file query19.tsv (TSV, C-alpha atoms)
chain	number	residue	atom	x	y	z
G	1	MET	CA	0.00	0.00	0.00
G	2	GLY	CA	1.94	2.98	-1.29
G	3	PRO	CA	1.41	6.56	-0.25
G	4	GLY	CA	-1.66	8.09	-1.81
G	5	SER	CA	-2.98	4.73	-2.91
G	6	ARG	CA	-5.65	4.66	-0.26
G	7	SER	CA	-8.74	6.27	-1.60
G	8	GLN	CA	-9.69	8.66	1.17
G	9	ARG	CA	-13.22	9.91	1.21
G	10	SER	CA	-13.24	13.52	0.06
G	11	LEU	CA	-12.57	15.70	3.04
G	12	GLY	CA	-12.02	19.01	1.33
G	13	ARG	CA	-15.63	19.98	1.94
G	14	ASP	CA	-14.93	21.70	5.24
G	15	ASP	CA	-12.19	24.24	5.85
G	16	ARG	CA	-12.49	23.83	9.59
G	17	LEU	CA	-11.44	20.23	9.34
G	18	ILE	CA	-8.68	18.99	11.57
G	19	SER	CA	-6.45	17.26	9.11
G	20	PRO	CA	-5.66	13.56	9.34
G	21	LYS	CA	-2.12	14.63	8.55
G	22	ALA	CA	-2.02	16.49	11.88
G	23	ALA	CA	-3.24	13.32	13.52
G	24	ARG	CA	-0.40	11.32	12.02
G	25	PHE	CA	2.01	13.97	13.21
G	26	ALA	CA	0.55	13.70	16.70
G	27	ALA	CA	0.95	9.94	16.56
G	28	ARG	CA	4.64	10.36	15.82
G	29	ALA	CA	5.04	12.93	18.59
G	30	LEU	CA	3.46	10.53	21.08
G	31	PRO	CA	5.25	7.21	20.68
G	32	ASP	CA	3.12	5.31	23.21
G	33	LEU	CA	-0.10	6.11	21.40
G	34	PRO	CA	-1.92	2.91	20.39
G	35	GLN	CA	-1.44	2.82	16.65
G	36	ASP	CA	-0.88	0.71	13.58
G	37	ALA	CA	0.98	1.49	10.38
G	38	ASP	CA	-1.63	4.06	9.33
G	39	GLY	CA	-1.90	5.95	12.60
G	40	PRO	CA	-3.92	5.86	15.81
G	41	VAL	CA	-6.33	3.06	16.69
G	42	PHE	CA	-9.06	3.21	19.33
G	43	GLY	CA	-10.83	0.69	21.50
G	44	GLU	CA	-14.04	2.69	21.80
G	45	PRO	CA	-15.58	5.74	20.17
G	46	TRP	CA	-15.01	8.00	23.20
G	47	GLU	CA	-11.27	7.46	22.84
G	48	ALA	CA	-11.37	8.83	19.31
G	49	GLN	CA	-13.43	11.75	20.62
G	50	ALA	CA	-10.90	12.53	23.33
G	51	PHE	CA	-8.09	12.26	20.78
G	52	ALA	CA	-9.88	14.55	18.31
G	53	MET	CA	-10.50	17.19	20.98
G	54	THR	CA	-6.85	17.15	21.96
G	55	LEU	CA	-5.85	17.54	18.33
G	56	ALA	CA	-8.24	20.49	17.96
G	57	LEU	CA	-6.83	22.19	21.05
G	58	HIS	CA	-3.32	21.63	19.78
G	59	GLU	CA	-4.23	23.20	16.45
G	60	ARG	CA	-5.71	26.11	18.36
G	61	GLY	CA	-2.29	26.54	19.94
G	62	LEU	CA	-3.36	25.74	23.48
G	63	PHE	CA	-0.27	23.58	23.90
G	64	LYS	CA	2.60	22.04	21.97
G	65	TRP	CA	3.03	18.28	21.78
G	66	PRO	CA	5.98	18.14	24.22
G	67	GLU	CA	3.81	19.86	26.82
G	68	TRP	CA	0.98	17.46	26.16
G	69	ALA	CA	3.35	14.48	26.32
G	70	ALA	CA	4.60	15.71	29.69
G	71	ALA	CA	1.06	16.13	31.04
G	72	LEU	CA	0.15	12.66	29.85
G	73	ALA	CA	3.35	11.14	31.27
G	74	ALA	CA	2.64	12.76	34.64
G	75	GLU	CA	-0.86	11.27	34.59
G	76	ILE	CA	0.46	7.80	33.74
G	77	LYS	CA	3.03	8.06	36.50
G	78	ARG	CA	0.35	9.02	39.01
G	79	ALA	CA	-1.80	6.09	37.89
G	80	GLN	CA	1.08	3.63	38.13
G	81	ALA	CA	1.89	4.85	41.59
G	82	ALA	CA	-1.73	4.12	42.44
G	83	GLY	CA	-1.43	0.56	41.07
G	84	ASP	CA	-2.53	0.89	37.43
G	85	PRO	CA	-1.48	-2.34	35.67
G	86	ASP	CA	-0.32	-0.36	32.62
G	87	THR	CA	-1.55	-2.88	30.10
G	88	GLY	CA	-2.32	-0.28	27.47
G	89	GLU	CA	-6.05	-0.74	28.03
G	90	THR	CA	-6.11	2.27	30.28
G	91	TYR	CA	-4.10	4.57	28.03
G	92	TYR	CA	-7.03	6.76	27.04
G	93	HIS	CA	-8.25	6.98	30.61
G	94	HIS	CA	-4.94	8.60	31.44
G	95	TRP	CA	-5.34	10.68	28.31
G	96	LEU	CA	-8.73	11.98	29.47
G	97	ASN	CA	-7.38	12.73	32.94
G	98	ALA	CA	-4.52	14.67	31.39
G	99	LEU	CA	-6.85	16.56	29.08
G	100	GLU	CA	-9.16	17.61	31.91
G	101	ARG	CA	-6.23	18.66	34.03
G	102	LEU	CA	-4.51	20.59	31.27
G	103	VAL	CA	-7.55	22.59	30.15
G	104	ALA	CA	-8.14	23.53	33.78
G	105	GLU	CA	-4.49	24.57	34.19
G	106	LYS	CA	-4.79	26.69	31.06
G	107	GLY	CA	-7.82	28.41	32.52
G	108	VAL	CA	-10.13	27.18	29.77
G	109	THR	CA	-12.39	25.70	32.41
G	110	ASP	CA	-12.24	24.56	36.03
G	111	THR	CA	-13.17	21.46	37.97
G	112	SER	CA	-16.48	22.84	39.22
G	113	THR	CA	-17.60	23.67	35.66
G	114	LEU	CA	-16.58	20.19	34.56
G	115	ALA	CA	-18.57	18.70	37.40
G	116	ARG	CA	-21.61	20.84	36.55
G	117	TYR	CA	-21.58	19.73	32.90
G	118	GLN	CA	-21.02	16.12	33.86
G	119	HIS	CA	-24.00	16.26	36.15
G	120	ALA	CA	-26.06	17.82	33.35
G	121	TRP	CA	-25.09	15.08	30.86
G	122	ASP	CA	-25.94	12.44	33.43
G	123	HIS	CA	-29.32	14.08	33.84
G	124	ALA	CA	-29.80	14.30	30.06
G	125	ALA	CA	-29.12	10.57	29.71
G	126	ASP	CA	-31.59	9.75	32.49
G	127	ARG	CA	-34.44	11.71	30.96
G	128	THR	CA	-33.82	10.56	27.37
G	129	PRO	CA	-35.99	7.61	26.42
G	130	HIS	CA	-33.99	4.62	25.38
G	131	GLY	CA	-33.56	4.63	21.61
G	132	GLU	CA	-33.34	8.40	21.20
G	133	PRO	CA	-30.18	10.46	20.85
G	134	ILE	CA	-28.99	12.03	24.09
G	135	GLU	CA	-28.72	15.79	23.86
G	136	LEU	CA	-28.01	18.42	26.44
G	137	SER	CA	-30.68	21.01	27.16
G	138	PRO	CA	-30.77	23.95	29.60
G	139	GLN	CA	-33.11	22.09	31.92
G	140	ASP	CA	-30.38	19.55	32.59
G	141	PHE	CA	-28.50	22.21	34.53
G	142	HIS	CA	-31.43	22.99	36.77
G	143	ASP	CA	-33.25	19.81	37.55
G	144	HIS	CA	-32.01	18.05	40.64
G	145	ASP	CA	-34.02	14.97	41.25
C	1	MET	CA	-24.35	-25.28	28.54
C	2	ALA	CA	-27.90	-24.23	27.77
C	3	HIS	CA	-28.42	-20.55	27.56
C	4	ASP	CA	-31.56	-19.06	28.98
C	5	HIS	CA	-33.18	-15.95	27.72
C	6	HIS	CA	-33.54	-13.90	30.84
C	7	ASP	CA	-32.70	-10.32	30.19
C	8	HIS	CA	-29.78	-8.87	31.96
C	9	ASP	CA	-30.86	-6.73	34.82
C	10	TYR	CA	-30.29	-3.48	33.06
C	11	ASP	CA	-33.05	-1.00	33.48
C	12	HIS	CA	-33.71	0.40	30.08
C	13	GLU	CA	-37.25	1.52	30.69
C	14	HIS	CA	-36.60	4.85	32.29
C	15	GLY	CA	-33.94	6.35	30.17
C	16	SER	CA	-30.59	5.97	28.55
C	17	GLU	CA	-27.25	5.37	30.06
C	18	LEU	CA	-23.85	6.84	29.57
C	19	SER	CA	-20.80	5.50	31.30
C	20	GLU	CA	-18.93	7.81	33.64
C	21	THR	CA	-16.21	8.11	31.01
C	22	GLN	CA	-18.65	8.95	28.22
C	23	ILE	CA	-20.18	11.60	30.45
C	24	ARG	CA	-16.78	13.14	31.12
C	25	VAL	CA	-15.94	13.26	27.41
C	26	ARG	CA	-19.30	14.79	26.49
C	27	ALA	CA	-19.05	17.35	29.28
C	28	LEU	CA	-15.61	18.41	28.15
C	29	GLU	CA	-16.71	18.65	24.53
C	30	SER	CA	-19.72	20.78	25.50
C	31	ILE	CA	-17.55	23.20	27.43
C	32	LEU	CA	-14.88	23.45	24.73
C	33	THR	CA	-17.57	23.94	22.09
C	34	GLU	CA	-19.33	26.68	24.03
C	35	LYS	CA	-16.06	28.47	24.54
C	36	GLY	CA	-15.26	28.20	20.87
C	37	TYR	CA	-12.19	25.98	21.27
C	38	VAL	CA	-13.55	23.10	19.27
C	39	ASP	CA	-16.08	22.72	16.48
C	40	PRO	CA	-18.17	19.56	16.87
C	41	ALA	CA	-18.56	19.23	13.09
C	42	ALA	CA	-14.79	19.31	12.62
C	43	LEU	CA	-14.36	16.75	15.41
C	44	ASP	CA	-16.94	14.50	13.78
C	45	LEU	CA	-15.19	14.67	10.44
C	46	LEU	CA	-11.85	13.85	11.97
C	47	ILE	CA	-13.35	10.98	13.94
C	48	GLU	CA	-14.97	9.66	10.80
C	49	THR	CA	-11.57	9.30	9.21
C	50	TYR	CA	-10.91	6.74	11.98
C	51	GLU	CA	-14.02	4.81	11.09
C	52	LYS	CA	-11.95	1.71	10.45
C	53	LYS	CA	-9.78	2.21	13.51
C	54	VAL	CA	-12.32	1.98	16.28
C	55	GLY	CA	-13.43	-1.20	17.93
C	56	PRO	CA	-13.21	-4.86	17.01
C	57	HIS	CA	-14.85	-4.55	13.59
C	58	ASN	CA	-16.61	-7.85	13.75
C	59	GLY	CA	-19.12	-6.83	11.13
C	60	ALA	CA	-16.75	-7.34	8.23
C	61	ARG	CA	-15.84	-10.79	9.53
C	62	VAL	CA	-19.50	-11.64	9.99
C	63	ILE	CA	-20.29	-10.67	6.41
C	64	ALA	CA	-17.28	-12.49	4.99
C	65	LYS	CA	-18.30	-15.62	6.85
C	66	ALA	CA	-21.86	-15.31	5.57
C	67	TRP	CA	-20.51	-15.07	2.04
C	68	SER	CA	-18.45	-18.21	2.32
C	69	ASP	CA	-20.31	-20.42	4.77
C	70	PRO	CA	-23.92	-21.22	3.73
C	71	ASP	CA	-24.76	-22.70	7.12
C	72	PHE	CA	-23.58	-19.58	8.93
C	73	ARG	CA	-25.47	-17.42	6.46
C	74	ARG	CA	-28.66	-19.31	7.22
C	75	ARG	CA	-28.17	-18.93	10.97
C	76	LEU	CA	-27.33	-15.25	10.59
C	77	LEU	CA	-30.48	-14.50	8.64
C	78	GLN	CA	-32.59	-16.53	11.03
C	79	ASP	CA	-31.30	-15.03	14.24
C	80	ALA	CA	-28.38	-12.69	13.88
C	81	THR	CA	-27.52	-12.04	17.50
C	82	PRO	CA	-26.26	-15.53	18.45
C	83	ALA	CA	-24.70	-16.00	15.01
C	84	ILE	CA	-22.67	-12.81	15.43
C	85	ALA	CA	-21.70	-13.91	18.93
C	86	THR	CA	-20.07	-17.02	17.50
C	87	VAL	CA	-17.74	-14.81	15.49
C	88	GLY	CA	-16.53	-13.42	18.76
C	89	TYR	CA	-18.59	-10.49	19.82
C	90	ALA	CA	-21.43	-10.61	22.29
C	91	GLY	CA	-21.84	-7.30	23.98
C	92	ARG	CA	-24.65	-5.04	24.92
C	93	GLN	CA	-24.38	-2.63	22.02
C	94	GLY	CA	-24.43	-5.48	19.56
C	95	GLU	CA	-27.52	-7.14	20.97
C	96	HIS	CA	-30.78	-7.68	19.10
C	97	ILE	CA	-29.39	-7.43	15.64
C	98	VAL	CA	-31.41	-8.41	12.61
C	99	ALA	CA	-29.54	-9.25	9.41
C	100	LEU	CA	-31.05	-8.08	6.13
C	101	GLU	CA	-29.84	-9.75	2.97
C	102	ASN	CA	-29.37	-7.69	-0.16
C	103	THR	CA	-30.28	-9.40	-3.41
C	104	PRO	CA	-30.52	-8.24	-7.02
C	105	GLN	CA	-34.21	-7.59	-6.29
C	106	THR	CA	-33.96	-5.84	-2.93
C	107	HIS	CA	-31.50	-3.38	-1.43
C	108	HIS	CA	-31.74	-2.62	2.26
C	109	MET	CA	-30.68	0.65	3.83
C	110	VAL	CA	-30.70	1.50	7.52
C	111	VAL	CA	-31.28	4.84	9.20
C	112	CYS	CA	-30.73	5.39	12.87
C	113	THR	CA	-31.26	8.06	15.49
C	114	LEU	CA	-27.82	7.34	16.91
C	115	CYS	CA	-29.01	6.59	20.38
C	116	SER	CA	-26.55	5.33	22.94
C	117	CYS	CA	-26.85	1.76	21.67
C	118	TYR	CA	-25.67	2.18	18.09
C	119	PRO	CA	-23.88	-1.12	17.41
C	120	TRP	CA	-20.44	0.35	16.70
C	121	PRO	CA	-18.55	-2.82	17.69
C	122	VAL	CA	-20.15	-4.56	14.73
C	123	LEU	CA	-20.61	-1.74	12.25
C	124	GLY	CA	-17.77	0.59	13.14
C	125	LEU	CA	-18.40	4.27	13.81
C	126	PRO	CA	-21.59	5.73	12.39
C	127	PRO	CA	-21.35	8.09	9.43
C	128	VAL	CA	-21.54	11.77	10.31
C	129	TRP	CA	-24.72	12.23	8.31
C	130	TYR	CA	-26.58	9.89	10.66
C	131	LYS	CA	-26.76	12.83	13.03
C	132	SER	CA	-28.39	15.09	10.50
C	133	ALA	CA	-32.18	15.12	10.69
C	134	PRO	CA	-32.72	16.40	7.12
C	135	TYR	CA	-30.53	13.66	5.72
C	136	ARG	CA	-32.30	11.02	7.74
C	137	ALA	CA	-35.62	12.38	6.52
C	138	LYS	CA	-34.38	12.30	2.94
C	139	ALA	CA	-33.26	8.70	3.37
C	140	VAL	CA	-36.83	7.77	4.20
C	141	ILE	CA	-38.49	9.88	1.49
C	142	ASP	CA	-35.96	9.47	-1.31
C	143	PRO	CA	-33.59	6.59	-0.59
C	144	ARG	CA	-32.53	6.33	-4.21
C	145	GLY	CA	-31.49	9.98	-4.13
C	146	VAL	CA	-29.48	9.45	-0.95
C	147	LEU	CA	-27.75	6.46	-2.47
C	148	LYS	CA	-26.94	8.56	-5.49
C	149	ASP	CA	-25.42	11.18	-3.15
C	150	PHE	CA	-23.17	8.39	-1.93
C	151	GLY	CA	-22.28	7.47	-5.49
C	152	VAL	CA	-24.36	4.32	-5.55
C	153	GLU	CA	-26.70	3.77	-8.47
C	154	LEU	CA	-28.85	0.67	-8.40
C	155	PRO	CA	-30.81	-0.81	-11.28
C	156	ALA	CA	-34.28	0.72	-11.52
C	157	GLU	CA	-35.87	-2.65	-10.88
C	158	THR	CA	-34.11	-3.09	-7.54
C	159	GLU	CA	-36.49	-2.26	-4.73
C	160	ILE	CA	-34.97	-0.16	-1.94
C	161	ARG	CA	-36.23	-0.81	1.55
C	162	VAL	CA	-35.43	1.59	4.37
C	163	TRP	CA	-35.25	0.37	7.95
C	164	ASP	CA	-35.32	2.60	10.99
C	165	SER	CA	-33.28	1.36	13.91
C	166	THR	CA	-35.19	1.32	17.15
C	167	ALA	CA	-34.23	0.85	20.75
C	168	GLU	CA	-35.05	-2.83	20.40
C	169	ILE	CA	-33.73	-3.69	16.97
C	170	ARG	CA	-30.53	-2.83	15.16
C	171	TYR	CA	-29.92	-3.93	11.63
C	172	LEU	CA	-26.98	-5.35	9.79
C	173	VAL	CA	-27.16	-5.34	6.01
C	174	VAL	CA	-25.60	-8.36	4.34
C	175	PRO	CA	-24.40	-6.97	1.01
C	176	GLN	CA	-24.12	-9.07	-2.11
C	177	ARG	CA	-20.80	-10.79	-2.52
C	178	PRO	CA	-18.81	-9.00	-5.21
C	179	ALA	CA	-18.18	-10.83	-8.45
C	180	GLY	CA	-14.69	-12.12	-9.08
C	181	THR	CA	-14.07	-13.29	-5.51
C	182	GLU	CA	-14.47	-17.01	-6.08
C	183	GLY	CA	-12.17	-19.01	-3.87
C	184	TRP	CA	-11.24	-16.07	-1.64
C	185	SER	CA	-10.60	-16.75	2.03
C	186	GLU	CA	-12.88	-15.19	4.65
C	187	GLU	CA	-10.03	-12.97	5.73
C	188	ARG	CA	-9.54	-11.63	2.25
C	189	LEU	CA	-13.27	-11.23	1.70
C	190	ALA	CA	-13.51	-9.18	4.89
C	191	THR	CA	-11.26	-6.53	3.37
C	192	LEU	CA	-14.03	-5.80	0.86
C	193	VAL	CA	-16.66	-5.10	3.50
C	194	THR	CA	-17.12	-1.44	4.33
C	195	ARG	CA	-19.12	0.19	7.10
C	196	ASP	CA	-21.32	1.82	4.47
C	197	SER	CA	-22.04	-1.53	2.82
C	198	MET	CA	-23.29	-2.87	6.18
C	199	ILE	CA	-25.74	-0.01	6.61
C	200	GLY	CA	-26.74	-0.09	2.97
C	201	THR	CA	-25.47	3.32	1.95
C	202	GLY	CA	-22.67	1.78	-0.05
C	203	LEU	CA	-21.60	-1.40	-1.79
C	204	PRO	CA	-18.66	-3.61	-0.87
C	205	LYS	CA	-15.39	-2.83	-2.58
C	206	SER	CA	-14.65	-4.66	-5.77
C	207	PRO	CA	-11.65	-7.01	-5.88
C	208	GLY	CA	-9.77	-4.43	-7.96
C	209	GLU	CA	-10.02	-1.80	-5.20
C	210	VAL	CA	-8.09	-3.82	-2.66
C	211	ALA	CA	-5.52	-5.38	-4.95

call {"tool": "encode", "arguments": {"input": "query19.tsv", "output": "structure tokens"}}
result
Amino acid sequence: MGPGSRSQRSLGRDDRLISPKAARFAARALPDLPQDADGPVFGEPWEAQAFAMTLALHERGLFKWPEWAAALAAEIKRAQAAGDPDTGETYYHHWLNALERLVAEKGVTDTSTLARYQHAWDHAADRTPHGEPIELSPQDFHDHD
Amino acid sequence: MAHDHHDHDYDHEHGSELSETQIRVRALESILTEKGYVDPAALDLLIETYEKKVGPHNGARVIAKAWSDPDFRRRLLQDATPAIATVGYAGRQGEHIVALENTPQTHHMVVCTLCSCYPWPVLGLPPVWYKSAPYRAKAVIDPRGVLKDFGVELPAETEIRVWDSTAEIRYLVVPQRPAGTEGWSEERLATLVTRDSMIGTGLPKSPGEVA
């Protein structure tokens, strides 16, 4: 499979797109990232979501990859000290921890805002009938039952 | 060991569920979106490029097996859930799957509201357009037009049937085996099976495309 031989679906339709090329660059900058020959691989959809958000924040200039790598390494170290088996299964859990911590450190948000939105999403899931898409609405921030 | 049919004790009657991790990811995305740091549409498009890189991708193996093993094909069409489980996946999001077989006479296409139980382990990530209400509506009203948007033109005499996923039933389209694949192994056949071909918005690749 030579370069350019893979027929990518046309992605030029949206200028705001985070480029897959940036993703491959990220994969090289982060050697422990679960990946195959083509780039990152994910166990579950949320992992790809967390990865994509990180890529977007990087492209926005919120951090450089060495800073991200350091934040992630610190998170992994903390987890190992707490007995994480480090099998690779938990990689994206560390990733998410690092992402939450870093955006708070950068002043983008804070832990109480995170908690408020988490509570709201939990509420949104509870009130959404099974089989319908879960979406956040203002009421989710107010109802406390 | 005999398997009984008691439901697991998950309470699905009063709402949906998100895992703690899913909640954290959604919360973070909401905040970053509101603050203008990320654009959900751009995230979706990036994630879609990883369509083939998420999860176990059992669907392609299931289809390849159905193409090459008549007995498995029969079991799959009769009761897909246990048949899929024998290929190695039996998880909650993959439960209650019905297999729909495409033939020269009938083409099946599935639309979905993308609730929390979309069977991604089998089908891979959903296409971005699944989230778009107008597109979903068009799929129901003008499926042939939607297929054309995806570059798929079917013979006029092929009937197109559209299926709406529900909370109870998810669908897996069994596409027609491409010509020129006689004697191929299941593994090789699986490389022809795309996500889009398993939801009916595309056809499997032809042997020439994976050479």

call {"tool": "residues_near_point", "arguments": {"input": "query19.tsv", "point": "(-20.3, -21.1, 0.9)", "cutoff": "12 Å", "atoms": "all atoms listed in the file", "output": "ChimeraX atom specification"}}
result
/C:63-74,177,181-186

call {"tool": "interface_residues", "arguments": {"input": "query19.tsv", "of": "chain C", "to": "chain G", "cutoff": "7 Å", "atoms": "only C-alpha atoms", "output": "list in words"}}
result
His12, Glu13, His14, Gly15, Ser16, Glu17, Leu18, Gln22, Ile23, Arg24, Val25, Ala27, Leu28, Tyr37, Val38, Ala42, Leu43, Leu45, Leu46, Ile47, Lys53, Val54, Gly55, Thr113, Leu114, Cys115, Ser116, Thr166 and Ala167 of chain C

call {"tool": "closest_residue", "arguments": {"input": "query19.tsv", "among": "G:His142, G:Arg24, G:His94, G:Arg101", "to": "Leu72 (chain G)", "atoms": "only C-alpha atoms"}}
result
G:His94

call {"tool": "atom_distance", "arguments": {"input": "query19.tsv", "atom1": "CA of Gly36 (chain C)", "atom2": "CA of Glu75 (chain G)"}}
result
26.1 Å

call {"tool": "atom_distance", "arguments": {"input": "query19.tsv", "atom1": "CA of Lys52 (chain C)", "atom2": "CA of Ala98 (chain G)"}}
result
25.7 Å

call {"tool": "closest_residue", "arguments": {"input": "query19.tsv", "among": "G:Asp140, G:Asp110, G:Glu89, G:Glu105", "to": "Leu33 (chain G)", "atoms": "only C-alpha atoms"}}
result
G:Glu89

call {"tool": "closest_residue", "arguments": {"input": "query19.tsv", "among": "C:Thr49, C:Asn58, C:Thr33, C:Thr81", "to": "Met198 (chain C)", "atoms": "all atoms listed in the file"}}
result
C:Asn58

call {"tool": "residues_around", "arguments": {"input": "query19.tsv", "residues": "region 95-105 of chain C", "least_positions_apart": "2", "cutoff": "10 Å", "atoms": "all atoms listed in the file", "output": "PyMOL selection string"}}
result
chain C and resi 63+73+75-85+89-93+107-110+117-119+122+154-161+163+165+167-177+198-200

call {"tool": "atom_distance", "arguments": {"input": "query19.tsv", "atom1": "CA of Arg61 (chain C)", "atom2": "CA of Trp129 (chain C)"}}
result
24.7 Å
